[in-house]
$ cat model_31.cif   # mmCIF, C-alpha atoms
data_my_file
#
loop_
_atom_site.label_atom_id
_atom_site.label_comp_id
_atom_site.auth_asym_id
_atom_site.auth_seq_id
_atom_site.Cartn_x
_atom_site.Cartn_y
_atom_site.Cartn_z
CA MET S 1 0.00 0.00 0.00
CA PRO S 2 1.43 3.41 -0.94
CA ASP S 3 2.45 5.79 1.81
CA GLY S 4 0.89 9.19 2.21
CA ASN S 5 -2.35 10.92 3.09
CA LEU S 6 -5.37 12.13 1.16
CA LEU S 7 -5.45 15.85 2.02
CA ALA S 8 -7.87 18.66 1.23
CA VAL S 9 -8.09 22.44 1.17
CA SER S 10 -10.35 25.05 -0.42
CA ASP S 11 -10.98 28.78 -0.71
CA LEU S 12 -7.35 29.74 -1.22
CA HIS S 13 -8.25 33.22 -2.52
CA VAL S 14 -4.73 33.94 -3.72
CA VAL S 15 -5.64 37.48 -4.80
CA HIS S 16 -4.73 38.34 -1.19
CA ALA S 17 -0.97 38.52 -0.65
CA GLU S 18 -1.18 36.76 2.72
CA ASN S 19 -3.10 33.86 1.19
CA ARG S 20 -0.65 33.62 -1.70
CA THR S 21 2.11 33.23 0.86
CA LEU S 22 0.13 30.49 2.62
CA VAL S 23 -0.39 28.62 -0.62
CA ASP S 24 3.31 28.91 -1.43
CA SER S 25 3.98 27.23 1.93
CA LEU S 26 1.83 24.15 1.18
CA ARG S 27 3.97 21.05 0.84
CA PRO S 28 3.35 17.33 1.15
CA ALA S 29 4.66 15.47 4.17
CA SER S 30 5.17 12.38 2.03
CA ASP S 31 5.90 11.69 -1.63
CA GLY S 32 2.58 9.84 -1.79
CA ASP S 33 0.32 12.66 -0.59
CA TRP S 34 -2.67 13.59 -2.75
CA LEU S 35 -4.30 17.01 -2.51
CA ILE S 36 -7.96 17.89 -3.06
CA VAL S 37 -8.56 21.57 -3.93
CA ALA S 38 -12.29 22.22 -3.51
CA GLY S 39 -12.59 25.49 -5.40
CA ASP S 40 -12.13 29.23 -5.03
CA ILE S 41 -8.44 29.41 -5.79
CA GLY S 42 -9.03 32.86 -7.23
CA GLU S 43 -10.91 35.01 -9.70
CA LYS S 44 -8.24 35.65 -12.32
CA PHE S 45 -7.24 32.92 -14.71
CA ASP S 46 -3.52 33.58 -14.26
CA ASP S 47 -3.82 33.26 -10.47
CA VAL S 48 -5.59 29.92 -10.80
CA ALA S 49 -2.88 28.75 -13.19
CA TRP S 50 -0.12 29.84 -10.80
CA ALA S 51 -1.59 27.90 -7.87
CA LEU S 52 -2.44 24.73 -9.79
CA ARG S 53 0.98 24.62 -11.45
CA LEU S 54 2.66 25.05 -8.06
CA LEU S 55 0.60 22.40 -6.28
CA ALA S 56 0.69 19.89 -9.14
CA GLY S 57 4.48 20.10 -9.04
CA ARG S 58 4.57 19.19 -5.35
CA PHE S 59 1.83 16.63 -4.68
CA ALA S 60 1.57 13.16 -6.16
CA LYS S 61 -1.91 13.99 -7.48
CA VAL S 62 -4.07 17.12 -7.35
CA ILE S 63 -7.85 16.94 -7.70
CA TRP S 64 -9.73 20.18 -8.39
CA THR S 65 -13.32 21.27 -8.65
CA PRO S 66 -14.37 24.86 -9.41
CA GLY S 67 -15.79 27.30 -6.94
CA ASN S 68 -17.84 30.33 -7.87
CA HIS S 69 -14.78 32.62 -7.90
CA GLU S 70 -13.03 30.68 -10.68
CA LEU S 71 -16.20 31.08 -12.74
CA TRP S 72 -16.33 34.87 -12.40
CA THR S 73 -15.37 37.00 -15.39
CA PRO S 74 -13.83 40.17 -13.93
CA ARG S 75 -13.28 43.01 -16.37
CA GLU S 76 -9.58 43.15 -15.51
CA ASP S 77 -8.96 39.44 -16.19
CA SER S 78 -6.86 38.55 -19.24
CA VAL S 79 -9.35 35.76 -20.02
CA GLN S 80 -12.81 37.12 -20.79
CA LEU S 81 -14.57 33.81 -21.41
CA ARG S 82 -17.93 33.41 -19.68
CA GLY S 83 -19.96 30.58 -18.24
CA GLU S 84 -19.53 27.15 -19.79
CA GLU S 85 -16.66 28.33 -22.00
CA ARG S 86 -14.75 29.63 -18.99
CA TYR S 87 -15.27 26.36 -17.12
CA ARG S 88 -14.07 24.32 -20.10
CA HIS S 89 -11.00 26.55 -20.43
CA LEU S 90 -10.19 25.87 -16.77
CA VAL S 91 -10.56 22.13 -17.39
CA GLU S 92 -8.09 22.42 -20.29
CA LEU S 93 -5.67 24.25 -17.99
CA CYS S 94 -5.89 21.45 -15.45
CA SER S 95 -5.21 18.91 -18.17
CA GLU S 96 -1.92 20.68 -18.95
CA PHE S 97 -0.79 20.16 -15.35
CA GLY S 98 -2.20 16.65 -14.90
CA VAL S 99 -4.83 17.92 -12.42
CA VAL S 100 -8.01 15.83 -12.11
CA THR S 101 -11.30 17.67 -12.77
CA PRO S 102 -15.02 16.83 -12.67
CA GLU S 103 -14.71 15.80 -16.33
CA ASP S 104 -12.20 13.01 -15.61
CA PRO S 105 -12.59 9.43 -14.34
CA TYR S 106 -12.61 9.26 -10.55
CA PRO S 107 -9.09 8.44 -9.32
CA VAL S 108 -8.88 5.75 -6.64
CA TRP S 109 -6.89 6.44 -3.50
CA THR S 110 -5.22 3.18 -2.44
CA GLY S 111 -3.15 4.62 0.41
CA PRO S 112 -4.03 4.44 4.12
CA GLY S 113 -7.78 4.46 4.60
CA GLY S 114 -8.41 3.34 1.02
CA PRO S 115 -9.54 2.25 -1.42
CA LEU S 116 -11.59 5.38 -1.99
CA ALA S 117 -12.79 6.81 -5.29
CA VAL S 118 -12.35 10.57 -5.20
CA ALA S 119 -15.18 12.21 -7.14
CA PRO S 120 -14.78 15.93 -7.90
CA LEU S 121 -18.24 17.39 -8.54
CA PHE S 122 -19.44 20.63 -10.08
CA THR S 123 -23.08 21.32 -9.22
CA LEU S 124 -23.50 25.09 -8.65
CA TYR S 125 -26.74 26.20 -6.91
CA ASP S 126 -30.35 26.82 -7.88
CA TYR S 127 -31.70 29.15 -5.18
CA THR S 128 -33.60 26.34 -3.42
CA PHE S 129 -31.85 27.11 -0.10
CA ARG S 130 -34.36 29.93 0.27
CA VAL S 131 -34.74 32.50 3.01
CA PRO S 132 -37.08 31.06 5.67
CA GLY S 133 -40.63 32.24 5.15
CA THR S 134 -40.28 32.62 1.37
CA THR S 135 -41.80 30.24 -1.17
CA THR S 136 -40.19 31.25 -4.47
CA ALA S 137 -36.68 32.02 -5.67
CA LYS S 138 -37.81 35.49 -6.73
CA GLU S 139 -39.16 36.27 -3.28
CA SER S 140 -36.05 34.88 -1.58
CA LEU S 141 -33.73 36.91 -3.80
CA GLN S 142 -35.72 40.06 -3.09
CA ARG S 143 -35.27 39.47 0.64
CA ALA S 144 -31.53 39.27 0.08
CA TYR S 145 -31.45 42.48 -1.95
CA ASP S 146 -33.57 44.24 0.68
CA ALA S 147 -31.12 43.10 3.38
CA GLY S 148 -28.09 44.15 1.32
CA VAL S 149 -26.77 40.57 1.29
CA VAL S 150 -26.13 39.81 -2.38
CA CYS S 151 -23.49 37.42 -3.72
CA THR S 152 -21.12 38.93 -6.29
CA ASP S 153 -22.06 35.97 -8.51
CA GLU S 154 -25.13 37.97 -9.51
CA TYR S 155 -22.81 40.35 -11.37
CA LEU S 156 -19.77 38.29 -12.37
CA LEU S 157 -20.79 34.62 -12.70
CA HIS S 158 -22.40 34.37 -16.12
CA PRO S 159 -24.28 31.15 -16.99
CA ASP S 160 -23.85 31.34 -20.80
CA PRO S 161 -25.21 29.57 -22.79
CA HIS S 162 -27.71 28.49 -20.13
CA PRO S 163 -30.68 30.77 -19.40
CA GLY S 164 -29.57 31.19 -15.78
CA ARG S 165 -27.42 29.79 -12.99
CA ALA S 166 -30.30 27.62 -11.75
CA GLU S 167 -30.65 25.99 -15.17
CA TRP S 168 -26.90 25.42 -15.39
CA CYS S 169 -27.06 23.87 -11.93
CA ARG S 170 -29.83 21.45 -12.89
CA THR S 171 -27.88 20.37 -15.98
CA ARG S 172 -24.75 19.74 -13.94
CA VAL S 173 -26.68 17.86 -11.24
CA ALA S 174 -28.29 15.53 -13.79
CA GLU S 175 -24.95 14.75 -15.46
CA THR S 176 -23.20 14.22 -12.14
CA GLU S 177 -25.96 12.05 -10.71
CA ALA S 178 -25.75 9.76 -13.72
CA ARG S 179 -22.00 9.32 -13.24
CA LEU S 180 -22.39 8.57 -9.54
CA ALA S 181 -25.13 6.02 -10.28
CA ALA S 182 -22.79 4.26 -12.72
CA HIS S 183 -19.93 4.08 -10.20
CA ASP S 184 -18.99 0.68 -8.77
CA PRO S 185 -20.68 0.73 -5.34
CA SER S 186 -18.04 -1.61 -3.87
CA VAL S 187 -15.53 1.28 -3.86
CA PRO S 188 -16.58 3.98 -1.35
CA LEU S 189 -16.67 7.55 -2.61
CA VAL S 190 -15.19 10.79 -1.36
CA LEU S 191 -17.53 13.42 -2.81
CA VAL S 192 -15.77 16.74 -3.44
CA ASN S 193 -17.87 19.80 -4.21
CA HIS S 194 -17.28 23.50 -3.62
CA TRP S 195 -20.82 24.01 -2.35
CA PRO S 196 -22.19 21.89 0.52
CA LEU S 197 -24.38 19.03 -0.69
CA VAL S 198 -26.87 19.51 2.14
CA ARG S 199 -28.37 22.65 3.57
CA GLN S 200 -27.59 22.05 7.26
CA PRO S 201 -24.09 23.62 7.18
CA THR S 202 -25.64 26.96 6.18
CA ASP S 203 -27.74 27.09 9.35
CA VAL S 204 -24.87 28.82 11.18
CA LEU S 205 -24.40 31.62 8.63
CA TRP S 206 -24.52 35.11 10.12
CA HIS S 207 -26.62 36.18 7.15
CA PRO S 208 -29.19 33.46 6.35
CA GLU S 209 -30.03 35.27 3.11
CA PHE S 210 -26.68 34.07 1.70
CA ALA S 211 -27.68 30.39 1.86
CA GLN S 212 -29.44 30.57 -1.53
CA TRP S 213 -26.01 30.85 -3.20
CA CYS S 214 -24.72 27.80 -1.32
CA GLY S 215 -26.19 24.73 -2.98
CA THR S 216 -29.24 22.87 -4.18
CA GLU S 217 -31.81 20.59 -2.59
CA LEU S 218 -31.28 18.22 -5.52
CA THR S 219 -28.11 16.82 -3.89
CA ALA S 220 -29.51 16.43 -0.38
CA ASP S 221 -29.64 12.62 -0.42
CA TRP S 222 -26.46 11.83 -2.36
CA HIS S 223 -24.48 11.01 0.78
CA THR S 224 -27.03 8.30 1.66
CA ARG S 225 -28.05 7.09 -1.82
CA PHE S 226 -24.49 6.31 -2.81
CA ASN S 227 -21.71 4.52 -0.92
CA VAL S 228 -20.07 7.64 0.48
CA ALA S 229 -17.21 7.57 2.98
CA SER S 230 -16.96 11.36 3.34
CA VAL S 231 -17.91 14.65 1.73
CA VAL S 232 -15.46 17.52 1.21
CA TYR S 233 -16.64 21.07 0.56
CA GLY S 234 -15.78 24.74 1.10
CA HIS S 235 -17.48 28.03 0.18
CA LEU S 236 -18.80 28.90 3.66
CA HIS S 237 -15.40 29.79 5.18
CA ILE S 238 -16.43 27.90 8.32
CA PRO S 239 -13.84 25.09 8.55
CA ARG S 240 -15.16 22.23 10.67
CA THR S 241 -16.18 18.57 10.73
CA THR S 242 -19.86 17.65 10.95
CA TRP S 243 -21.80 14.41 10.57
CA TYR S 244 -25.08 13.89 8.75
CA ASP S 245 -26.76 10.46 8.62
CA GLY S 246 -23.51 8.91 9.83
CA VAL S 247 -21.46 10.44 6.99
CA ARG S 248 -18.54 12.76 7.70
CA PHE S 249 -18.62 16.21 6.08
CA GLU S 250 -15.38 18.21 6.03
CA GLU S 251 -15.42 21.97 5.35
CA VAL S 252 -11.80 22.71 4.43
CA SER S 253 -11.69 26.46 3.68
CA ILE S 254 -8.73 28.72 4.33
CA GLY S 255 -10.88 31.81 3.73
CA TYR S 256 -10.01 35.49 3.67
CA PRO S 257 -7.16 36.93 5.77
CA ARG S 258 -9.61 38.89 7.94
CA GLU S 259 -11.23 35.55 8.87
CA TRP S 260 -8.22 33.35 9.53
CA ARG S 261 -6.37 36.09 11.41
CA LYS S 262 -9.12 35.83 14.04
CA ARG S 263 -9.48 32.04 14.24
CA GLY S 264 -6.03 30.99 13.10
CA HIS S 265 -5.55 27.56 11.57
CA PRO S 266 -6.14 25.27 14.57
CA ARG S 267 -6.35 22.14 12.38
CA GLY S 268 -3.60 23.14 10.01
CA LEU S 269 -3.87 24.44 6.47
CA LEU S 270 -4.49 20.98 5.00
CA ARG S 271 -7.20 18.63 6.30
CA THR S 272 -6.56 14.89 6.32
CA ILE S 273 -9.45 13.09 4.67
CA ALA S 274 -7.85 9.64 4.70
CA PRO S 275 -6.86 7.94 6.83
CA PHE S 276 -9.47 9.22 9.26
CA SER S 277 -8.15 9.05 12.81
CA GLY S 278 -11.19 10.38 14.65
CA GLU S 279 -14.43 8.78 15.67
CA ALA S 280 -17.99 9.53 14.66
CA PRO S 281 -20.13 10.99 17.43
CA VAL S 282 -22.51 8.38 18.83
CA GLU S 283 -25.61 10.06 17.40
CA ALA S 284 -24.07 10.19 13.93
CA ARG S 285 -23.03 6.56 13.62
CA ALA S 286 -24.88 4.45 11.10
#
$ encode --input "model_31.cif" --output "structure tokens"
Amino acid sequence: MPDGNLLAVSDLHVVHAENRTLVDSLRPASDGDWLIVAGDIGEKFDDVAWALRLLAGRFAKVIWTPGNHELWTPREDSVQLRGEERYRHLVELCSEFGVVTPEDPYPVWTGPGGPLAVAPLFTLYDYTFRVPGTTTAKESLQRAYDAGVVCTDEYLLHPDPHPGRAEWCRTRVAETEARLAAHDPSVPLVLVNHWPLVRQPTDVLWHPEFAQWCGTELTADWHTRFNVASVVYGHLHIPRTTWYDGVRFEEVSIGYPREWRKRGHPRGLLRTIAPFSGEAPVEARA
């Protein structure tokens, strides 16, 4: 069995100088270490390329899935592709560096804690994590605008050629669900998505209006329908371990400097996904 650990991180946000320094410090402890990068490396194409090139040169394998920031099209970016074209261009970039994407076969981790099939997902969101008390996406969005809590995606994440982000989400969910259903159930999965697959992690957000940009109800049962060992996600900038239906969920964000300066990095910059050395809380065991 190969040596090493299956590690994970997300929300690198290398546009910030302090975060760029942190990313430059990331190194494997073993030649066999794999690294999951669960989205939000940065907004500019060149920044994403810098980080993926760096990490792919250090870790035995890097597995990436996009966050919303990679899908933005800022005016000052050298790459002005939008929506699906931008995503496909990022996939091509990953191919140059040997980085695994949601378009590739799921690699199988055979090191300690394995075998595990690592499945990078790209599902987006469809505004079904609505503000409590609202019944439609339109009403929920209006509540967010009224509260002044509006994700920058509304201005910079273009869904072209799809009619909207919700429609793009539903297309991605259908394609991803089909691939998961076709996976050999004898090999447990590590599901990797930038957005949480269930709504519960958003319950602790300071601004509940923001939850509608955090996922879709369409993925709520994936961790129980499929043979899932663990779920890795980011986006919320609330790094922690939680358990739902006996399945471990790992939020692995670094986040913005203003956030990690306050909380530090008590569990390190990289989270170990396998082997898992902890124990499920009694109420979460299957």
$ resolve_selection --input "model_31.cif" --expression "the PyMOL selection byres ((chain S and resi 105) around 12)" --output "list in words"
Ile63, Val99, Val100, Thr101, Pro102, Glu103, Asp104, Tyr106, Pro107, Val108, Ala117, Val118, Ala119, Pro120, Leu121, Thr176, Arg179, Leu180, Ala182 and His183 of chain S
$ closest_atom_pairs --input "model_31.cif" --of "segment 159-201 of chain S" --to "segment 256-273 of chain S" --cutoff "12 Å" --atoms "all atoms listed in the file" --output "JSON lines"
{"residue": "S:Leu189", "atom": "CA", "partner": "S:Ile273", "partner_atom": "CA", "distance": 11.7}
{"residue": "S:Val190", "atom": "CA", "partner": "S:Ile273", "partner_atom": "CA", "distance": 8.6}
{"residue": "S:Leu191", "atom": "CA", "partner": "S:Ile273", "partner_atom": "CA", "distance": 11.0}
{"residue": "S:Val192", "atom": "CA", "partner": "S:Ile273", "partner_atom": "CA", "distance": 10.9}
$ residues_near_point --input "model_31.cif" --point "(-24.1, 26.9, 12.1)" --cutoff "12 Å" --atoms "all atoms listed in the file" --output "mmCIF file with C-alpha atoms, in the frame of the given file"
data_model
loop_
_atom_site.group_PDB
_atom_site.id
_atom_site.type_symbol
_atom_site.label_atom_id
_atom_site.label_comp_id
_atom_site.auth_asym_id
_atom_site.auth_seq_id
_atom_site.Cartn_x
_atom_site.Cartn_y
_atom_site.Cartn_z
ATOM 1 C CA ARG S 199 -28.370 22.650 3.570
ATOM 2 C CA GLN S 200 -27.590 22.050 7.260
ATOM 3 C CA PRO S 201 -24.090 23.620 7.180
ATOM 4 C CA THR S 202 -25.640 26.960 6.180
ATOM 5 C CA ASP S 203 -27.740 27.090 9.350
ATOM 6 C CA VAL S 204 -24.870 28.820 11.180
ATOM 7 C CA LEU S 205 -24.400 31.620 8.630
ATOM 8 C CA TRP S 206 -24.520 35.110 10.120
ATOM 9 C CA HIS S 207 -26.620 36.180 7.150
ATOM 10 C CA PRO S 208 -29.190 33.460 6.350
ATOM 11 C CA ALA S 211 -27.680 30.390 1.860
ATOM 12 C CA LEU S 236 -18.800 28.900 3.660
ATOM 13 C CA HIS S 237 -15.400 29.790 5.180
ATOM 14 C CA ILE S 238 -16.430 27.900 8.320
ATOM 15 C CA PRO S 239 -13.840 25.090 8.550
ATOM 16 C CA ARG S 240 -15.160 22.230 10.670
ATOM 17 C CA THR S 241 -16.180 18.570 10.730
ATOM 18 C CA THR S 242 -19.860 17.650 10.950
#
$ resolve_selection --input "model_31.cif" --expression "the PyMOL selection byres ((chain S and resi 84) around 8)" --output "PyMOL selection string"
chain S and resi 82-83+85-88+159-161
$ write_last_selection --input "model_31.cif" --atoms "C-alpha atoms" --output "PDB file, in the frame of the given file"
ATOM      1  CA  ARG S  82     -17.930  33.410 -19.680  1.00  0.00           C
ATOM      2  CA  GLY S  83     -19.960  30.580 -18.240  1.00  0.00           C
ATOM      3  CA  GLU S  85     -16.660  28.330 -22.000  1.00  0.00           C
ATOM      4  CA  ARG S  86     -14.750  29.630 -18.990  1.00  0.00           C
ATOM      5  CA  TYR S  87     -15.270  26.360 -17.120  1.00  0.00           C
ATOM      6  CA  ARG S  88     -14.070  24.320 -20.100  1.00  0.00           C
ATOM      7  CA  PRO S 159     -24.280  31.150 -16.990  1.00  0.00           C
ATOM      8  CA  ASP S 160     -23.850  31.340 -20.800  1.00  0.00           C
ATOM      9  CA  PRO S 161     -25.210  29.570 -22.790  1.00  0.00           C
TER      10      PRO S 161
END
$ residues_around --input "model_31.cif" --residues "segment 23-30 of chain S" --least-positions-apart "2" --cutoff "8 Å" --atoms "all atoms listed in the file" --output "list of chain:residue names"
S:Asp3, S:Gly4, S:Asn5, S:Leu12, S:Val14, S:Asn19, S:Arg20, S:Thr21, S:Gly32, S:Asp33, S:Ala51, S:Leu54, S:Leu55, S:Arg58, S:Phe59, S:Leu269
$ resolve_selection --input "model_31.cif" --expression "the PyMOL selection byres ((chain S and resi 127-139) around 8)" --output "list in words"
Tyr125, Asp126, Ser140, Leu141, Gln142, Arg143, Ala166, Arg199, Pro208, Glu209, Ala211, Gln212, Trp213, Cys214, Gly215, Thr216 and Glu217 of chain S
$ atom_distance --input "model_31.cif" --atom1 "atom CA of Glu177 of chain S" --atom2 "atom CA of Leu124 of chain S"
13.4 Å
$ atom_distance --input "model_31.cif" --atom1 "atom CA of Thr65 of chain S" --atom2 "atom CA of Ala280 of chain S"
26.5 Å
$ residues_near_point --input "model_31.cif" --point "(-11.8, 28.5, 5.1)" --cutoff "7 Å" --atoms "all atoms listed in the file" --output "list in words"
Ser10, Asp11, Gly234, His237, Ile238, Pro239, Val252, Ser253, Ile254 and Gly255 of chain S
$ closest_residue --input "model_31.cif" --among "S:Pro188, S:Pro163, S:Gly98, S:Gly39" --to "Tyr233 of chain S" --atoms "all atoms listed in the file"
S:Gly39
$ closest_residue --input "model_31.cif" --among "S:Gly42, S:Pro275, S:Gly57, S:Pro74" --to "Leu116 of chain S" --atoms "all atoms listed in the file"
S:Pro275
$ closest_residue --input "model_31.cif" --among "S:Phe249, S:Trp50, S:Phe45, S:Phe97" --to "Ser78 of chain S" --atoms "all atoms listed in the file"
S:Phe45
$ atom_distance --input "model_31.cif" --atom1 "atom CA of Val91 of chain S" --atom2 "atom CA of Pro66 of chain S"
9.3 Å
$ closest_residue --input "model_31.cif" --among "S:Ala181, S:Pro115, S:Ser230, S:Phe210" --to "Gly148 of chain S" --atoms "all atoms listed in the file"
S:Phe210
$ closest_residue --input "model_31.cif" --among "S:Thr110, S:Thr219, S:Ser277, S:Asn227" --to "Trp34 of chain S" --atoms "all atoms listed in the file"
S:Thr110
$ closest_residue --input "model_31.cif" --among "S:Glu250, S:Val232, S:Ala174, S:Leu157" --to "Ile36 of chain S" --atoms "only C-alpha atoms"
S:Val232
